[in-house]
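Only one structure is covered here, and it is reproduced in the block below.
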Amino acid sequence: MENRTEGVDTILGDPRKAIRRMTIPMLVAMTSQTLYNLIDAIWVAGLGSDALAAVGLVFPIFFILNGIGNGLGVGAASAIARRVGAGDKEGADSVAAQALVLSILATLILTLPLVLLAEDIFTAMGAGSATPLCVEYAQVIFSGTGVIFIVTLLDSILRSEGDAKRSMRMMIIASALNIVLDPIFIYALGMGVGGAALASVLAFGIAGLVQGYWFFVKKDTFVHFRFQGFRFRSDEIKDILRVGIPASLEMTILSFSSLVMNMIILSIGSTDGVAIYSSGWRVFQMAMIPFFSIGAAMIPVCGAAFGGRRYDKLDIGYRYGIKLTVGIMVVFSVLLALLAPQITTLFTYSEGTAHLQDGMVQFVRIGCIFLPFIGAAAISSMMFQAIGKGLRAMVSTLIRNVLFLLPPVYLLGKSYGIIGVWWGMVLGEIAGALLILAWALWTLRVLMREAPLVRAPEDGPA
């Protein structure tokens with residue numbers, strides 16, 4: 001392939017080495033992203049519990065938006081990685097152009113209705129006294145829909161060609177800018193929760209300009225956008241969307257699950273329960289960084305292996321990802337349980353949130369039990385995405401986060417109050433994760449048994 005880069009050589013080599021090599025930059029990138037989310041919540045916590053709850057109530061809607069952008073990014077990354085594995089450079093470039101146009105169209109369709117309907121959305125959700133703050137935060141975030149979509153897509157393309165280092169640099173830039181801008185907009189300029197949203201949009205917009213320089217000015221990436229003679233190609237759009245739509249729906253399912261969780265908690269524990277749940281979940285997001293980093297590294301590696309019909313490498317990459325994830329998450333769970341009082345102080349330092357700390361410590365310690373299981377399920381879902389089986393990834397998310405999660409949360413919550421909600425989460429997450437893990441292993445066994453192994457002479461042993 002022309003202009004074959006170091007990143008492409010990495011994802012086409014030994015899968016274990018490739019996953020290790022790409023995981024570190026992914027880990028740094030996702031740590032910086034989660035850190036800015038955490039610091040964002042810490043600054044907002046200074047505005048009081050209603051402000052903290054407002055950000056938590058906006059999160060499921062934002063997650064849907066982020067899911068659409070992420071879906072297009074994952075769909076494009078999977079399609080590009082499989083073409084890279086098959087040696088089809090021209091096809092990879094064409095997919096990238098199709099995905100960028102789709103992202104722009106999605107922005108035009110979604111932005112204005114969301115901005116105009118923000119108040120109606122949060123009134124219907126039962127946000128109550130937090131509704132004005134929800135609207136203030138959400139309208140700024142919704143206005144930045146295009147920024148979210150484009151930055152997410154370009155980052156996914158960088159990762160699909162194995163360029164994890166530049167993906168890392170972009171995320172560090174965005175996160176650092178957001179951390180610097182947050183206190184300025186929230187407090188110095190007196191913009192409150194709206195300032196927190198504006199800081200996020202501006203930070204990622206600037207990072208997007210850096211990405212644009214790499215792709216359109218410097219042009220030293222492996223994948224190029226070629227718009228000369230552009231036309232929609234139905235086969236490439238279908239390839240993007242057969243992973244992208246299920247991936248977007250996965251995020252929508254997660255948002256729906258989070259929305260229902262908020263509604264159940266509101267009916268049991270008022271806005272204080274939502275504040276505990278949303279803030280405690282941010283702590284879990286920090287702990288989940290390792291397996292999301294491993295999964296993000298695994299997608300291009302397994303996608304390229306599948307595209308090149310190297311099912312032996314696909315099997316090795318997936319199993320290595322699972323072992324690495326479970327081992328790390330067990331350690332993180334123990335540490336998180338021990339340090340829960342100190343960590344939750346970050347969200348309860350103000351007079352308006354101090355009363356939440358005991359409940360937040362309880363939530364974090366109970367939730368630590370399911371972290372290794374969530375990790376295994378997430379890696380399995382990302383393996384499905386890598387090989388172009390987006391529907392299986394979506395169904396696995398539906399099973400784990402709705403069918404297995406919400407019933408025990410509701411039933412135990414109604415019987416035992418807020419503590420029942422937390423234990424319902426544990427039971428649902430573990431049961432769903434074990435089912436998804438079994439499905440992924442069965443899928444690999446079928447591939448290894450029914451499909452021929454194709455070894456390129458220059459590869460050597462896997």
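The chains in the structure tokens are called A, B, ... from first to last as shown; in each chain the residues are counted from 1, and the ligands are counted from 1 in the order shown.
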Item to complete: Select from range 25-274 of chain A everything DSSP, run on the backbone, classes as alpha helix (DSSP H), then give the selection as a ChimeraX atom specification.
Response: /A:25-45,49-85,89-116,118-124,131-143,145-160,164-183,192-212,234-274
Practice prompt. May I ask which of the residues A:Tyr137, A:Trp422, A:Tyr187, A:Phe227 is the closest one to Phe122 in chain A, counting only C-alpha atoms?
Written response: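 Of all the options, A:Tyr137 lies closest to Phe122 in chain A.
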Discussion item. Let me make sure I understand: among A:Val8, A:Ile418, A:Ile206, A:Val193, which one has the smallest atom-to-atom distance to Ala86 in chain A if we use only C-alpha atoms?
Written reply: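 Ranked by minimum distance to Ala86 in chain A, first place goes to A:Val8.
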Worksheet entry | 10 Å contact set for Ser200 in chain A, only C-alpha atoms, chain neighbours under 6 positions out, as number ranges by chain | A: 36-37, 40, 140-141, 144, 148, 174-175, 177-179, 181-182
Worksheet item: Hey, what's within 9 Å of Leu133 in chain A if we count only C-alpha atoms and toss same-chain stuff fewer than 6 positions away? As a ChimeraX atom specification, please?
Response: /A:50-51,54-55,192-194
Item to complete: Within 9 Å of Glu161 in chain A, counting only C-alpha atoms, which residues show up once you throw out same-chain ones fewer than 3 positions away? Write them as a list of chain:residue names, please.
Response: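 The residues satisfying every condition are A:Thr5, A:Gly7, A:Val8, A:Ile11, A:Ala77, A:Ile80, A:Ala81, A:Val84, A:Ser156, A:Ile157, A:Leu158, A:Ala164, A:Thr221, A:Phe222, A:Val223, A:Pro300.
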Worksheet item: Between CA of Arg233 in chain A and CA of Ala386 in chain A, what is the distance, to one decimal in Å?
Response: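 Separation between CA of Arg233 in chain A and CA of Ala386 in chain A: 21.2 Å.
Residues in contact with Gly428 in chain A at up to 8 Å, not including ones fewer than 3 positions away on its chain and judged by only C-alpha atoms, are Arg400, Asn401, Phe404, Leu405, Leu406, Pro408, Val409, Gly424, Met425, Ala431 and Gly432 of chain A.
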Could the residues in this selection be written to a file with C-alpha atoms, as a short mmCIF file (atom, residue, chain, number, x, y, z; two decimals), in the first residue's frame?
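Saved result, result_31.cif, follows:
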data_model
loop_
_atom_site.label_atom_id
_atom_site.label_comp_id
_atom_site.auth_asym_id
_atom_site.auth_seq_id
_atom_site.Cartn_x
_atom_site.Cartn_y
_atom_site.Cartn_z
CA ARG A 400 -26.84 -5.96 29.57
CA ASN A 401 -28.09 -2.41 30.14
CA PHE A 404 -30.78 -7.52 32.67
CA LEU A 405 -30.18 -4.20 34.47
CA LEU A 406 -33.40 -2.22 34.84
CA PRO A 408 -33.65 -5.74 39.30
CA VAL A 409 -32.90 -2.03 39.82
CA GLY A 424 -29.85 -4.18 41.48
CA MET A 425 -27.14 -2.62 39.31
CA ALA A 431 -25.51 -11.49 34.70
CA GLY A 432 -25.55 -9.56 31.42
#
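In terms of minimum interatomic distance to Met288 in chain A, A:Pro372 ranks closest within A:Pro372, A:Pro183, A:Gly321, A:Gly190, counting only C-alpha atoms.
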Discussion item. I need the residue nearest Val44 in chain A from this list: A:Gln228, A:Gln139, A:Thr348, A:Ser94. Use only C-alpha atoms for the distance.
Written reply: A:Thr348
Discussion item. Residues near Leu266 in chain A, anyone? I mean within 12 Å using only C-alpha atoms, not counting same-chain ones fewer than 5 positions away, as a PyMOL selection string.
Written reply: chain A and resi 53+56-57+125-128+259-261+271-277+410+413-414+417-418+421
Response to the item:
Using only C-alpha atoms, the residue out of A:Asp93, A:Glu429, A:Glu119, A:Asp155 with shortest distance to Thr131 in chain A is A:Glu119
Item to complete: Go through A:Ile387, A:Leu114, A:Ile374, A:Ile173 and flag the residue nearest Ala79 in chain A, using only C-alpha atoms for the distances.
Response: A:Ile387
Response to the item:
One decimal place gives the CA of Leu356 in chain A-CA of Leu38 in chain A separation as 16.7 Å
